[in-house]
file target_11.cif (mmCIF, C-alpha atoms)
data_run
loop_
_atom_site.label_atom_id
_atom_site.label_comp_id
_atom_site.auth_asym_id
_atom_site.auth_seq_id
_atom_site.Cartn_x
_atom_site.Cartn_y
_atom_site.Cartn_z
CA MET S 1 3.01 -76.68 -17.18
CA VAL S 2 6.02 -77.60 -15.07
CA ALA S 3 7.90 -74.47 -14.19
CA ALA S 4 5.74 -71.38 -14.30
CA ALA S 5 4.99 -69.09 -11.42
CA SER S 6 1.65 -68.27 -12.97
CA VAL S 7 -0.98 -69.70 -15.25
CA VAL S 8 -3.65 -67.67 -16.96
CA VAL S 9 -6.79 -69.13 -18.44
CA ALA S 10 -7.08 -68.92 -22.18
CA VAL S 11 -9.77 -66.23 -22.15
CA GLY S 12 -7.03 -63.77 -21.21
CA THR S 13 -7.97 -62.91 -17.66
CA ALA S 14 -5.41 -62.68 -14.91
CA THR S 15 -4.99 -63.20 -11.23
CA GLY S 16 -5.17 -60.42 -8.69
CA MET S 17 -7.91 -58.16 -7.47
CA LEU S 18 -9.52 -58.07 -10.91
CA SER S 19 -8.68 -58.02 -14.56
CA ALA S 20 -9.38 -54.81 -16.41
CA LEU S 21 -10.40 -56.61 -19.50
CA ASP S 22 -13.22 -55.17 -21.51
CA ASP S 23 -12.77 -54.16 -25.14
CA ARG S 24 -16.26 -52.76 -25.49
CA HIS S 25 -15.55 -49.44 -23.75
CA ALA S 26 -13.13 -47.33 -25.72
CA SER S 27 -13.75 -43.95 -24.12
CA ASP S 28 -11.56 -42.33 -21.52
CA GLU S 29 -14.35 -43.00 -19.04
CA ALA S 30 -14.01 -46.75 -19.43
CA LYS S 31 -13.85 -48.65 -16.17
CA PRO S 32 -12.08 -51.97 -15.63
CA GLU S 33 -14.59 -54.75 -15.31
CA VAL S 34 -14.32 -57.72 -13.02
CA SER S 35 -13.72 -61.02 -14.70
CA SER S 36 -12.38 -64.38 -13.72
CA SER S 37 -8.69 -64.05 -13.13
CA PRO S 38 -5.90 -66.17 -14.43
CA TYR S 39 -4.75 -68.53 -11.82
CA LEU S 40 -1.06 -68.66 -11.02
CA ALA S 41 0.26 -72.17 -11.04
CA PRO S 42 3.58 -71.85 -9.29
CA LEU S 43 6.74 -73.66 -10.02
CA PRO S 44 6.36 -76.68 -7.72
CA ALA S 45 6.15 -74.96 -4.37
CA VAL S 46 8.79 -77.03 -2.65
CA PRO S 47 9.32 -75.58 0.80
CA THR S 48 12.76 -74.13 1.32
CA PRO S 49 14.67 -74.11 4.61
CA SER S 50 13.89 -71.07 6.65
CA ALA S 51 15.95 -68.23 5.30
CA SER S 52 15.30 -65.68 7.99
CA PRO S 53 17.60 -62.74 7.45
CA SER S 54 20.63 -62.68 9.66
CA PRO S 55 21.07 -59.69 11.96
CA SER S 56 23.39 -58.13 9.40
CA ALA S 57 20.86 -58.60 6.62
CA SER S 58 18.66 -55.86 7.99
CA ALA S 59 21.11 -53.30 6.69
CA SER S 60 21.28 -52.51 3.01
CA PRO S 61 23.86 -54.71 1.26
CA HIS S 62 25.19 -51.58 -0.42
CA ARG S 63 25.50 -49.55 2.75
CA LYS S 64 28.78 -49.31 4.62
CA ASN S 65 29.02 -48.61 8.32
CA LEU S 66 29.58 -44.89 8.04
CA GLU S 67 30.04 -44.43 11.76
CA LYS S 68 33.22 -46.51 11.67
CA THR S 69 34.71 -45.22 8.43
CA PRO S 70 37.35 -42.51 8.92
CA GLY S 71 36.49 -39.30 7.16
CA SER S 72 32.92 -40.32 6.53
CA THR S 73 29.74 -38.47 7.36
CA PRO S 74 29.52 -37.77 11.12
CA THR S 75 27.29 -39.96 13.22
CA PRO S 76 23.72 -38.60 13.08
CA THR S 77 22.54 -36.82 16.20
CA LYS S 78 19.64 -38.15 18.24
CA GLU S 79 17.39 -35.51 16.69
CA GLU S 80 18.51 -36.42 13.16
CA LYS S 81 17.86 -40.11 13.81
CA ALA S 82 14.39 -39.31 15.13
CA GLU S 83 13.63 -37.17 12.09
CA ARG S 84 14.82 -39.92 9.73
CA ALA S 85 12.73 -42.52 11.57
CA GLU S 86 9.65 -40.31 11.34
CA LYS S 87 10.18 -39.82 7.61
CA ALA S 88 10.70 -43.53 7.10
CA ASP S 89 7.45 -44.26 8.92
CA ASN S 90 5.71 -41.88 6.56
CA GLY S 91 7.16 -43.53 3.50
CA VAL S 92 9.47 -40.65 2.60
CA VAL S 93 12.91 -42.29 2.72
CA ARG S 94 14.31 -45.78 2.76
CA GLU S 95 16.95 -46.82 5.25
CA ASN S 96 19.64 -46.35 2.59
CA GLY S 97 18.54 -42.75 2.11
CA SER S 98 16.87 -43.10 -1.27
CA THR S 99 13.47 -41.61 -1.95
CA ALA S 100 10.61 -43.98 -1.18
CA PHE S 101 6.86 -43.71 -1.52
CA VAL S 102 5.34 -40.41 -0.47
CA SER S 103 1.79 -41.71 -0.32
CA THR S 104 1.42 -44.26 2.44
CA GLY S 105 -1.81 -45.92 1.35
CA LEU S 106 -2.38 -48.53 -1.32
CA TYR S 107 -5.45 -48.27 -3.54
CA ARG S 108 -8.35 -50.68 -3.22
CA HIS S 109 -10.22 -50.77 -6.50
CA PRO S 110 -14.00 -50.70 -5.95
CA GLN S 111 -14.65 -53.64 -8.29
CA SER S 112 -13.65 -57.23 -7.68
CA GLN S 113 -15.15 -60.68 -7.45
CA VAL S 114 -14.76 -60.79 -3.69
CA LEU S 115 -16.51 -57.44 -3.29
CA ASP S 116 -19.33 -58.66 -5.53
CA TRP S 117 -19.71 -61.73 -3.33
CA VAL S 118 -19.67 -59.73 -0.10
CA ARG S 119 -22.32 -57.35 -1.41
CA ALA S 120 -24.56 -60.19 -2.56
CA ASN S 121 -24.29 -62.44 0.51
CA SER S 122 -25.15 -60.38 3.56
CA GLY S 123 -26.58 -63.39 5.38
CA ASP S 124 -23.70 -65.79 4.80
CA PRO S 125 -21.95 -66.68 8.09
CA ARG S 126 -18.57 -66.45 6.33
CA ARG S 127 -19.19 -62.92 5.14
CA ALA S 128 -17.73 -61.00 8.09
CA VAL S 129 -14.41 -62.84 7.96
CA ILE S 130 -14.09 -62.60 4.18
CA ALA S 131 -15.13 -58.93 4.15
CA SER S 132 -12.76 -57.79 6.90
CA ARG S 133 -9.73 -59.93 6.10
CA ILE S 134 -9.80 -60.05 2.29
CA ALA S 135 -12.30 -57.70 0.65
CA ASP S 136 -11.16 -54.68 2.67
CA GLN S 137 -7.55 -55.09 1.56
CA PRO S 138 -6.05 -53.34 -1.48
CA ALA S 139 -4.93 -55.66 -4.26
CA ALA S 140 -3.49 -55.53 -7.75
CA VAL S 141 -5.42 -54.84 -10.94
CA TRP S 142 -4.35 -57.06 -13.83
CA PHE S 143 -4.27 -56.14 -17.53
CA ALA S 144 -3.88 -59.51 -19.18
CA ASP S 145 -5.61 -59.16 -22.51
CA TYR S 146 -4.33 -57.75 -25.76
CA THR S 147 -6.78 -54.95 -26.50
CA PRO S 148 -4.66 -52.05 -27.74
CA SER S 149 -7.63 -49.83 -28.57
CA THR S 150 -8.81 -49.58 -24.96
CA ILE S 151 -5.77 -50.21 -22.76
CA THR S 152 -4.97 -46.53 -22.25
CA ALA S 153 -8.47 -45.69 -21.03
CA ARG S 154 -8.64 -48.73 -18.77
CA VAL S 155 -5.28 -48.02 -17.14
CA ARG S 156 -6.26 -44.38 -16.75
CA ALA S 157 -9.48 -45.38 -15.01
CA VAL S 158 -7.47 -47.12 -12.30
CA THR S 159 -4.72 -44.55 -11.90
CA SER S 160 -7.10 -41.59 -11.85
CA GLY S 161 -9.30 -43.32 -9.29
CA ALA S 162 -6.29 -43.90 -7.07
CA ALA S 163 -4.97 -40.36 -7.53
CA ALA S 164 -8.33 -38.93 -6.51
CA GLN S 165 -7.93 -40.73 -3.17
CA GLY S 166 -4.24 -39.93 -2.79
CA ARG S 167 -3.41 -43.62 -2.89
CA VAL S 168 -1.03 -45.84 -4.83
CA PRO S 169 -2.48 -48.34 -7.32
CA VAL S 170 -0.79 -51.62 -8.21
CA LEU S 171 -1.11 -52.53 -11.89
CA VAL S 172 0.05 -55.74 -13.52
CA ALA S 173 1.11 -55.61 -17.18
CA TYR S 174 0.71 -59.12 -18.55
CA ALA S 175 0.69 -59.33 -22.33
CA ILE S 176 4.19 -60.48 -23.33
CA PRO S 177 4.16 -62.77 -26.38
CA GLY S 178 4.84 -66.42 -25.66
CA ARG S 179 3.92 -66.10 -22.00
CA ASP S 180 3.72 -69.34 -20.01
CA CYS S 181 5.78 -71.06 -22.72
CA GLY S 182 2.58 -71.97 -24.56
CA GLY S 183 0.91 -73.46 -21.47
CA ALA S 184 -2.45 -72.72 -19.92
CA SER S 185 -1.67 -69.00 -19.65
CA GLN S 186 -0.68 -68.56 -23.26
CA GLY S 187 -1.88 -65.40 -24.92
CA GLY S 188 -0.84 -61.80 -24.97
CA ALA S 189 0.33 -59.73 -27.90
CA PRO S 190 0.91 -61.51 -31.22
CA ASP S 191 4.55 -60.42 -31.46
CA LEU S 192 7.07 -58.15 -29.77
CA GLY S 193 6.37 -55.25 -32.11
CA ALA S 194 2.72 -55.34 -31.16
CA TYR S 195 3.70 -55.71 -27.50
CA ASP S 196 5.90 -52.62 -27.66
CA ALA S 197 2.95 -50.65 -29.03
CA TRP S 198 0.69 -52.07 -26.29
CA ILE S 199 3.19 -50.94 -23.64
CA ASP S 200 3.21 -47.45 -25.19
CA ALA S 201 -0.57 -47.34 -24.85
CA PHE S 202 -0.44 -48.76 -21.30
CA ALA S 203 2.09 -46.09 -20.31
CA ALA S 204 -0.14 -43.35 -21.70
CA GLY S 205 -2.70 -44.16 -19.02
CA LEU S 206 -0.35 -43.99 -16.04
CA GLY S 207 -1.02 -40.34 -15.25
CA SER S 208 1.39 -38.37 -13.07
CA ALA S 209 0.78 -39.69 -9.55
CA GLU S 210 2.53 -42.56 -7.80
CA ALA S 211 1.85 -46.06 -9.07
CA VAL S 212 3.37 -49.53 -8.92
CA VAL S 213 3.71 -51.55 -12.11
CA ILE S 214 4.37 -55.29 -11.84
CA LEU S 215 5.94 -55.91 -15.24
CA GLU S 216 5.14 -59.31 -16.73
CA PRO S 217 5.05 -62.12 -14.15
CA ASP S 218 7.01 -65.20 -15.33
CA SER S 219 8.59 -63.31 -18.22
CA ILE S 220 12.12 -63.66 -16.83
CA ALA S 221 12.03 -66.52 -14.34
CA GLN S 222 10.43 -68.79 -16.92
CA ALA S 223 12.65 -67.75 -19.82
CA GLU S 224 14.46 -71.10 -19.89
CA CYS S 225 11.96 -72.38 -22.44
CA LEU S 226 13.01 -69.74 -24.98
CA SER S 227 15.84 -70.08 -27.44
CA SER S 228 18.80 -67.79 -26.82
CA ASP S 229 17.71 -65.48 -29.64
CA ARG S 230 14.09 -65.30 -28.52
CA ARG S 231 15.18 -64.72 -24.93
CA SER S 232 17.44 -61.85 -25.98
CA ARG S 233 14.66 -60.23 -27.97
CA ARG S 234 12.21 -60.61 -25.10
CA PHE S 235 14.67 -59.07 -22.66
CA ALA S 236 15.30 -56.17 -25.03
CA SER S 237 11.56 -55.55 -25.21
CA LEU S 238 11.27 -55.65 -21.42
CA THR S 239 14.13 -53.17 -21.12
CA ARG S 240 12.29 -50.88 -23.48
CA ALA S 241 9.02 -51.38 -21.59
CA GLY S 242 10.55 -50.23 -18.31
CA ARG S 243 12.02 -47.12 -19.92
CA VAL S 244 8.73 -46.24 -21.60
CA LEU S 245 6.72 -46.68 -18.40
CA LYS S 246 9.08 -44.57 -16.31
CA ALA S 247 9.41 -41.89 -18.98
CA ALA S 248 5.62 -41.61 -19.18
CA ASN S 249 5.33 -41.18 -15.41
CA PRO S 250 8.54 -40.66 -13.40
CA LYS S 251 6.57 -41.40 -10.23
CA ALA S 252 5.64 -44.87 -11.46
CA ARG S 253 7.61 -47.70 -9.80
CA VAL S 254 8.43 -50.51 -12.22
CA TYR S 255 9.39 -53.92 -10.85
CA TYR S 256 10.78 -56.89 -12.79
CA ASP S 257 10.18 -60.61 -12.40
CA ALA S 258 12.46 -62.36 -9.88
CA GLY S 259 10.40 -65.55 -9.65
CA HIS S 260 10.52 -66.74 -6.05
CA SER S 261 12.84 -68.27 -3.48
CA GLY S 262 12.03 -71.84 -4.54
CA TRP S 263 12.80 -71.34 -8.22
CA ASN S 264 16.01 -70.10 -9.86
CA ALA S 265 19.21 -69.44 -7.94
CA ALA S 266 19.63 -65.75 -7.10
CA ALA S 267 22.74 -65.32 -9.26
CA LYS S 268 21.09 -66.87 -12.32
CA GLN S 269 17.95 -64.81 -11.88
CA ALA S 270 20.02 -61.65 -11.44
CA THR S 271 21.90 -62.34 -14.68
CA TRP S 272 18.65 -62.53 -16.62
CA LEU S 273 17.22 -59.52 -14.81
CA ARG S 274 20.28 -57.49 -15.75
CA GLN S 275 19.83 -58.46 -19.40
CA ALA S 276 16.19 -57.36 -19.18
CA GLY S 277 17.05 -53.88 -17.89
CA ALA S 278 16.28 -54.36 -14.21
CA ALA S 279 19.63 -52.98 -13.05
CA SER S 280 19.10 -49.58 -14.68
CA ALA S 281 17.32 -46.78 -12.83
CA ALA S 282 16.09 -45.56 -16.21
CA SER S 283 13.87 -48.62 -16.57
CA SER S 284 13.57 -50.23 -13.15
CA ASP S 285 12.90 -49.69 -9.47
CA GLY S 286 13.79 -53.27 -8.61
CA VAL S 287 12.18 -56.70 -8.59
CA PHE S 288 9.05 -58.56 -7.48
CA SER S 289 8.78 -62.09 -6.17
CA ASN S 290 6.36 -64.78 -4.99
CA VAL S 291 3.49 -63.73 -7.26
CA SER S 292 0.63 -66.16 -6.59
CA ASN S 293 2.97 -68.40 -4.66
CA PHE S 294 3.25 -69.48 -1.04
CA HIS S 295 6.84 -69.02 0.10
CA ARG S 296 7.26 -67.35 3.46
CA THR S 297 7.98 -63.65 3.64
CA ALA S 298 11.30 -64.19 5.47
CA ASP S 299 12.48 -66.51 2.70
CA GLU S 300 11.50 -64.00 0.03
CA ILE S 301 13.21 -61.13 1.84
CA ALA S 302 16.45 -63.08 2.05
CA TYR S 303 16.18 -64.23 -1.57
CA ASP S 304 15.31 -60.80 -2.95
CA ARG S 305 18.26 -59.23 -1.16
CA GLN S 306 20.52 -61.86 -2.70
CA VAL S 307 19.07 -61.12 -6.13
CA LEU S 308 19.53 -57.38 -5.67
CA GLU S 309 23.10 -57.86 -4.46
CA SER S 310 23.93 -59.99 -7.51
CA LEU S 311 22.03 -57.65 -9.81
CA GLY S 312 24.08 -54.59 -8.94
CA GLY S 313 22.80 -51.24 -10.10
CA PRO S 314 21.93 -48.31 -7.84
CA ALA S 315 21.33 -48.89 -4.15
CA SER S 316 17.86 -47.42 -4.60
CA LEU S 317 16.64 -50.63 -6.27
CA GLY S 318 14.28 -52.55 -4.01
CA ALA S 319 11.85 -55.45 -4.03
CA VAL S 320 8.14 -56.02 -3.58
CA ILE S 321 6.74 -59.34 -2.36
CA ASP S 322 3.35 -60.97 -2.90
CA THR S 323 2.21 -61.96 0.59
CA SER S 324 -1.40 -62.76 -0.27
CA ARG S 325 -1.29 -66.50 0.44
CA ASN S 326 2.01 -67.20 2.16
CA GLY S 327 0.94 -67.16 5.81
CA ASN S 328 1.77 -70.84 6.29
CA GLY S 329 4.52 -71.08 3.70
CA ALA S 330 4.66 -73.49 0.78
CA PRO S 331 2.94 -76.87 1.18
CA PRO S 332 5.33 -79.75 1.97
CA ASP S 333 4.21 -81.82 -1.02
CA GLY S 334 4.83 -79.06 -3.56
CA GLU S 335 1.14 -78.77 -4.47
CA TRP S 336 0.32 -75.51 -6.23
CA CYS S 337 -3.38 -75.79 -7.09
CA ASP S 338 -5.46 -74.39 -4.22
CA PRO S 339 -3.46 -76.36 -1.65
CA SER S 340 -5.13 -76.89 1.69
CA GLY S 341 -3.75 -75.49 4.92
CA ARG S 342 -2.56 -72.19 3.40
CA LYS S 343 -3.33 -68.84 5.02
CA ILE S 344 -3.29 -65.22 3.98
CA GLY S 345 -0.01 -63.49 4.69
CA ARG S 346 0.98 -60.03 5.82
CA ALA S 347 -1.39 -57.24 4.91
CA PRO S 348 -0.46 -55.07 1.92
CA THR S 349 1.70 -52.12 2.94
CA LEU S 350 4.26 -49.65 1.61
CA ASN S 351 5.98 -49.53 5.00
CA THR S 352 7.63 -52.91 5.48
CA GLY S 353 10.25 -52.01 8.08
CA GLU S 354 12.75 -54.01 6.00
CA SER S 355 15.64 -52.44 4.11
CA ARG S 356 15.43 -52.83 0.34
CA ILE S 357 11.92 -54.26 0.62
CA ASP S 358 9.65 -51.55 -0.74
CA ALA S 359 6.26 -53.18 -0.22
CA PHE S 360 4.29 -56.25 0.70
CA LEU S 361 1.50 -56.54 -1.88
CA TRP S 362 -1.47 -58.74 -2.63
CA VAL S 363 -0.95 -59.46 -6.30
CA LYS S 364 -3.01 -62.65 -6.24
CA LEU S 365 -6.35 -62.07 -4.53
CA PRO S 366 -6.98 -64.73 -1.85
CA GLY S 367 -10.01 -66.80 -2.71
CA GLU S 368 -9.58 -66.75 -6.46
CA SER S 369 -9.15 -70.39 -7.42
CA ASP S 370 -6.15 -71.90 -9.18
CA GLY S 371 -8.59 -74.37 -10.73
CA CYS S 372 -9.12 -77.04 -8.07
CA LYS S 373 -11.63 -75.43 -5.70
CA GLY S 374 -13.51 -73.86 -8.60
CA SER S 375 -13.03 -72.87 -12.21
CA PRO S 376 -9.65 -71.19 -12.76
CA GLY S 377 -9.78 -67.56 -11.70
CA THR S 378 -13.23 -67.65 -10.18
CA PHE S 379 -13.90 -66.63 -6.61
CA SER S 380 -14.47 -69.45 -4.14
CA PRO S 381 -15.95 -68.28 -0.82
CA SER S 382 -15.08 -71.57 0.88
CA TYR S 383 -11.45 -71.25 -0.22
CA ALA S 384 -11.35 -67.58 0.81
CA TYR S 385 -12.81 -68.42 4.21
CA ASP S 386 -10.28 -71.19 4.79
CA LEU S 387 -7.44 -68.80 3.93
CA ALA S 388 -8.77 -65.97 6.08
CA ARG S 389 -9.99 -67.58 9.28
#

call {"tool": "encode", "arguments": {"input": "target_11.cif", "output": "structure tokens"}}
result
Amino acid sequence: MVAAASVVVAVGTATGMLSALDDRHASDEAKPEVSSSPYLAPLPAVPTPSASPSPSASASPHRKNLEKTPGSTPTPTKEEKAERAEKADNGVVRENGSTAFVSTGLYRHPQSQVLDWVRANSGDPRRAVIASRIADQPAAVWFADYTPSTITARVRAVTSGAAAQGRVPVLVAYAIPGRDCGGASQGGAPDLGAYDAWIDAFAAGLGSAEAVVILEPDSIAQAECLSSDRRSRRFASLTRAGRVLKAANPKARVYYDAGHSGWNAAAKQATWLRQAGAASAASSDGVFSNVSNFHRTADEIAYDRQVLESLGGPASLGAVIDTSRNGNGAPPDGEWCDPSGRKIGRAPTLNTGESRIDAFLWVKLPGESDGCKGSPGTFSPSYAYDLAR
């Protein structure tokens, strides 16, 4: 595989906190079970020049300076500014005034490989570091298999668990046909008709509380391998998927694949995103980037803002960034498979302090191997410890 942001092992598991992948439990009480996760083999992680946002980049690209525009809204009073700042801190409004997350906490699912390891290795000298810096953090739950008979119950198990705690779950839908261009992560639904039905069943489990849906990593950034006709049909299906998910739960946030800052140019990626429905508020809340990759947060912020600016659409569209392994940036040699010298990045949060950046998330769980420090998707305590210390 030469250009994918993610690779999933053939058994259908996926990267992240865990994969909710068991077809044996069909009841509404079914619980996602931990399994080895697909490893994300990034597009060669060539380090990019530092793209730290310029001072002007901290303001929304769609926001004009209202204080200097004749006839515009009066300058907010000191009290109004304080009230807005307090609301922003609580996840109520974004800087551009659009509604943001009400819940301020992300959901940590109680099942994962790292939690299993922590529970089983109380005497290991690495345990305290791994437990406090990785296992205690909320991370995404992946749904990477094609099991239409149980997907509703398994999604519902996650969303209901999160709702009971008043927290926001992160779910990854990963079953698009032809994923990974037939590479190591191939799998998913047999065709787009079956995928549409799978999305319908996925959406039925979303409940009514806040949730984040990462819709199909690689599905847009890696679309170069598809013929024009197949690409158009995939994008139409993704457009439909976003609409179905948001119609099922208006509080669900749906984000589309923007690749990462070392992959496609922002304008090209935005063109494809627009074709896939990411510019419409009826199907999208914005984009995600850096899933299972290593590019620095500042580079991703700058890139995502460029993508959003090129994408157009409502100013409410934002971005979420996978910060799970980007603490030291991308390795200089472009290595993607468990490269040495990497570190965990910023902790998952819904309060980023950055305009148009809705969240920093851990989509790929640190310590789950890409296939070099262990079998693909399995938890490696030595790798986790190196990332966390």

call {"tool": "atom_distance", "arguments": {"input": "target_11.cif", "atom1": "CA of Ala248 in chain S", "atom2": "CA of Leu311 in chain S"}}
result
24.8 Å

call {"tool": "resolve_selection", "arguments": {"input": "target_11.cif", "expression": "the PyMOL selection byres ((chain S and resi 337) around 8)", "output": "VMD selection string"}}
result
chain S and resid 41 335 to 336 338 to 339 369 to 372

call {"tool": "residues_around", "arguments": {"input": "target_11.cif", "residues": "Arg325 in chain S", "least_positions_apart": "3", "cutoff": "6 Å", "atoms": "all atoms listed in the file", "output": "list of chain:residue names"}}
result
S:Phe294, S:Lys343, S:Ile344, S:Gly345

call {"tool": "closest_residue", "arguments": {"input": "target_11.cif", "among": "S:Ser261, S:Asn351, S:Ala302, S:Gly187", "to": "Ala330 in chain S", "atoms": "all atoms listed in the file"}}
result
S:Ser261

call {"tool": "closest_residue", "arguments": {"input": "target_11.cif", "among": "S:Ser284, S:Thr323, S:Ser310, S:Ser355", "to": "Arg342 in chain S", "atoms": "only C-alpha atoms"}}
result
S:Thr323

call {"tool": "residues_around", "arguments": {"input": "target_11.cif", "residues": "Phe360 in chain S", "least_positions_apart": "6", "cutoff": "8 Å", "atoms": "only C-alpha atoms", "output": "PDB file with C-alpha atoms, in the frame of the given file"}}
result
ATOM      1  CA  VAL S 320       8.140 -56.020  -3.580  1.00  0.00           C
ATOM      2  CA  ILE S 321       6.740 -59.340  -2.360  1.00  0.00           C
ATOM      3  CA  ASP S 322       3.350 -60.970  -2.900  1.00  0.00           C
ATOM      4  CA  THR S 323       2.210 -61.960   0.590  1.00  0.00           C
ATOM      5  CA  ARG S 346       0.980 -60.030   5.820  1.00  0.00           C
ATOM      6  CA  ALA S 347      -1.390 -57.240   4.910  1.00  0.00           C
ATOM      7  CA  PRO S 348      -0.460 -55.070   1.920  1.00  0.00           C
ATOM      8  CA  THR S 349       1.700 -52.120   2.940  1.00  0.00           C
ATOM      9  CA  LEU S 350       4.260 -49.650   1.610  1.00  0.00           C
ATOM     10  CA  THR S 352       7.630 -52.910   5.480  1.00  0.00           C
TER      11      THR S 352
END

call {"tool": "closest_residue", "arguments": {"input": "target_11.cif", "among": "S:Ala315, S:Ala282, S:Ala266, S:Ala189", "to": "Glu300 in chain S", "atoms": "only C-alpha atoms"}}
result
S:Ala266

call {"tool": "axis_aligned_box", "arguments": {"input": "target_11.cif", "around": "range 332-351 of chain S", "padding_each_side": "8 Å", "output": "AutoDock Vina command-line options"}}
result
--center_x 0.3 --center_y -65.7 --center_z -0.6 --size_x 27.4 --size_y 48.3 --size_z 28.9

call {"tool": "decode", "arguments": {"input": "target_11.cif", "residues": "range 254-260 of chain S", "atoms": "all heavy atoms", "output": "PDB file, in the first residue's frame"}}
result
ATOM      1  N   VAL S 254     -20.986  14.710  12.422  1.00  0.00           N
ATOM      2  CA  VAL S 254     -20.443  13.833  11.389  1.00  0.00           C
ATOM      3  C   VAL S 254     -19.288  14.545  10.697  1.00  0.00           C
ATOM      4  O   VAL S 254     -19.458  15.662  10.187  1.00  0.00           O
ATOM      5  CB  VAL S 254     -21.527  13.441  10.360  1.00  0.00           C
ATOM      6  CG1 VAL S 254     -20.937  12.545   9.273  1.00  0.00           C
ATOM      7  CG2 VAL S 254     -22.690  12.739  11.062  1.00  0.00           C
ATOM      8  N   TYR S 255     -18.125  13.903  10.674  1.00  0.00           N
ATOM      9  CA  TYR S 255     -16.935  14.503  10.081  1.00  0.00           C
ATOM     10  C   TYR S 255     -16.417  13.622   8.945  1.00  0.00           C
ATOM     11  O   TYR S 255     -16.401  12.394   9.056  1.00  0.00           O
ATOM     12  CB  TYR S 255     -15.852  14.698  11.146  1.00  0.00           C
ATOM     13  CG  TYR S 255     -16.247  15.707  12.200  1.00  0.00           C
ATOM     14  CD1 TYR S 255     -16.909  15.311  13.359  1.00  0.00           C
ATOM     15  CD2 TYR S 255     -15.984  17.064  12.024  1.00  0.00           C
ATOM     16  CE1 TYR S 255     -17.293  16.236  14.315  1.00  0.00           C
ATOM     17  CE2 TYR S 255     -16.366  18.000  12.984  1.00  0.00           C
ATOM     18  CZ  TYR S 255     -17.020  17.574  14.129  1.00  0.00           C
ATOM     19  OH  TYR S 255     -17.405  18.495  15.066  1.00  0.00           O
ATOM     20  N   TYR S 256     -15.973  14.295   7.866  1.00  0.00           N
ATOM     21  CA  TYR S 256     -15.538  13.627   6.647  1.00  0.00           C
ATOM     22  C   TYR S 256     -14.013  13.645   6.510  1.00  0.00           C
ATOM     23  O   TYR S 256     -13.327  14.520   7.039  1.00  0.00           O
ATOM     24  CB  TYR S 256     -16.154  14.321   5.437  1.00  0.00           C
ATOM     25  CG  TYR S 256     -17.603  13.976   5.163  1.00  0.00           C
ATOM     26  CD1 TYR S 256     -18.634  14.412   5.996  1.00  0.00           C
ATOM     27  CD2 TYR S 256     -17.958  13.220   4.047  1.00  0.00           C
ATOM     28  CE1 TYR S 256     -19.958  14.116   5.737  1.00  0.00           C
ATOM     29  CE2 TYR S 256     -19.280  12.911   3.765  1.00  0.00           C
ATOM     30  CZ  TYR S 256     -20.277  13.360   4.617  1.00  0.00           C
ATOM     31  OH  TYR S 256     -21.590  13.063   4.352  1.00  0.00           O
ATOM     32  N   ASP S 257     -13.521  12.719   5.737  1.00  0.00           N
ATOM     33  CA  ASP S 257     -12.091  12.449   5.592  1.00  0.00           C
ATOM     34  C   ASP S 257     -11.337  13.536   4.832  1.00  0.00           C
ATOM     35  O   ASP S 257     -11.535  13.726   3.632  1.00  0.00           O
ATOM     36  CB  ASP S 257     -11.923  11.107   4.862  1.00  0.00           C
ATOM     37  CG  ASP S 257     -10.494  10.799   4.482  1.00  0.00           C
ATOM     38  OD1 ASP S 257      -9.579  11.171   5.250  1.00  0.00           O
ATOM     39  OD2 ASP S 257     -10.299  10.172   3.427  1.00  0.00           O
ATOM     40  N   ALA S 258     -10.429  14.230   5.541  1.00  0.00           N
ATOM     41  CA  ALA S 258      -9.568  15.229   4.905  1.00  0.00           C
ATOM     42  C   ALA S 258      -8.131  14.755   4.761  1.00  0.00           C
ATOM     43  O   ALA S 258      -7.247  15.541   4.403  1.00  0.00           O
ATOM     44  CB  ALA S 258      -9.606  16.540   5.697  1.00  0.00           C
ATOM     45  N   GLY S 259      -7.861  13.480   5.048  1.00  0.00           N
ATOM     46  CA  GLY S 259      -6.498  12.986   4.936  1.00  0.00           C
ATOM     47  C   GLY S 259      -5.614  13.580   6.013  1.00  0.00           C
ATOM     48  O   GLY S 259      -5.908  13.487   7.202  1.00  0.00           O
ATOM     49  N   HIS S 260      -4.540  14.217   5.608  1.00  0.00           N
ATOM     50  CA  HIS S 260      -3.669  14.925   6.552  1.00  0.00           C
ATOM     51  C   HIS S 260      -2.801  15.915   5.803  1.00  0.00           C
ATOM     52  O   HIS S 260      -2.797  15.974   4.564  1.00  0.00           O
ATOM     53  CB  HIS S 260      -2.834  13.957   7.389  1.00  0.00           C
ATOM     54  CG  HIS S 260      -1.935  13.044   6.609  1.00  0.00           C
ATOM     55  ND1 HIS S 260      -0.830  13.486   5.914  1.00  0.00           N
ATOM     56  CD2 HIS S 260      -1.983  11.703   6.418  1.00  0.00           C
ATOM     57  CE1 HIS S 260      -0.221  12.459   5.349  1.00  0.00           C
ATOM     58  NE2 HIS S 260      -0.910  11.371   5.631  1.00  0.00           N
TER      59      HIS S 260
END
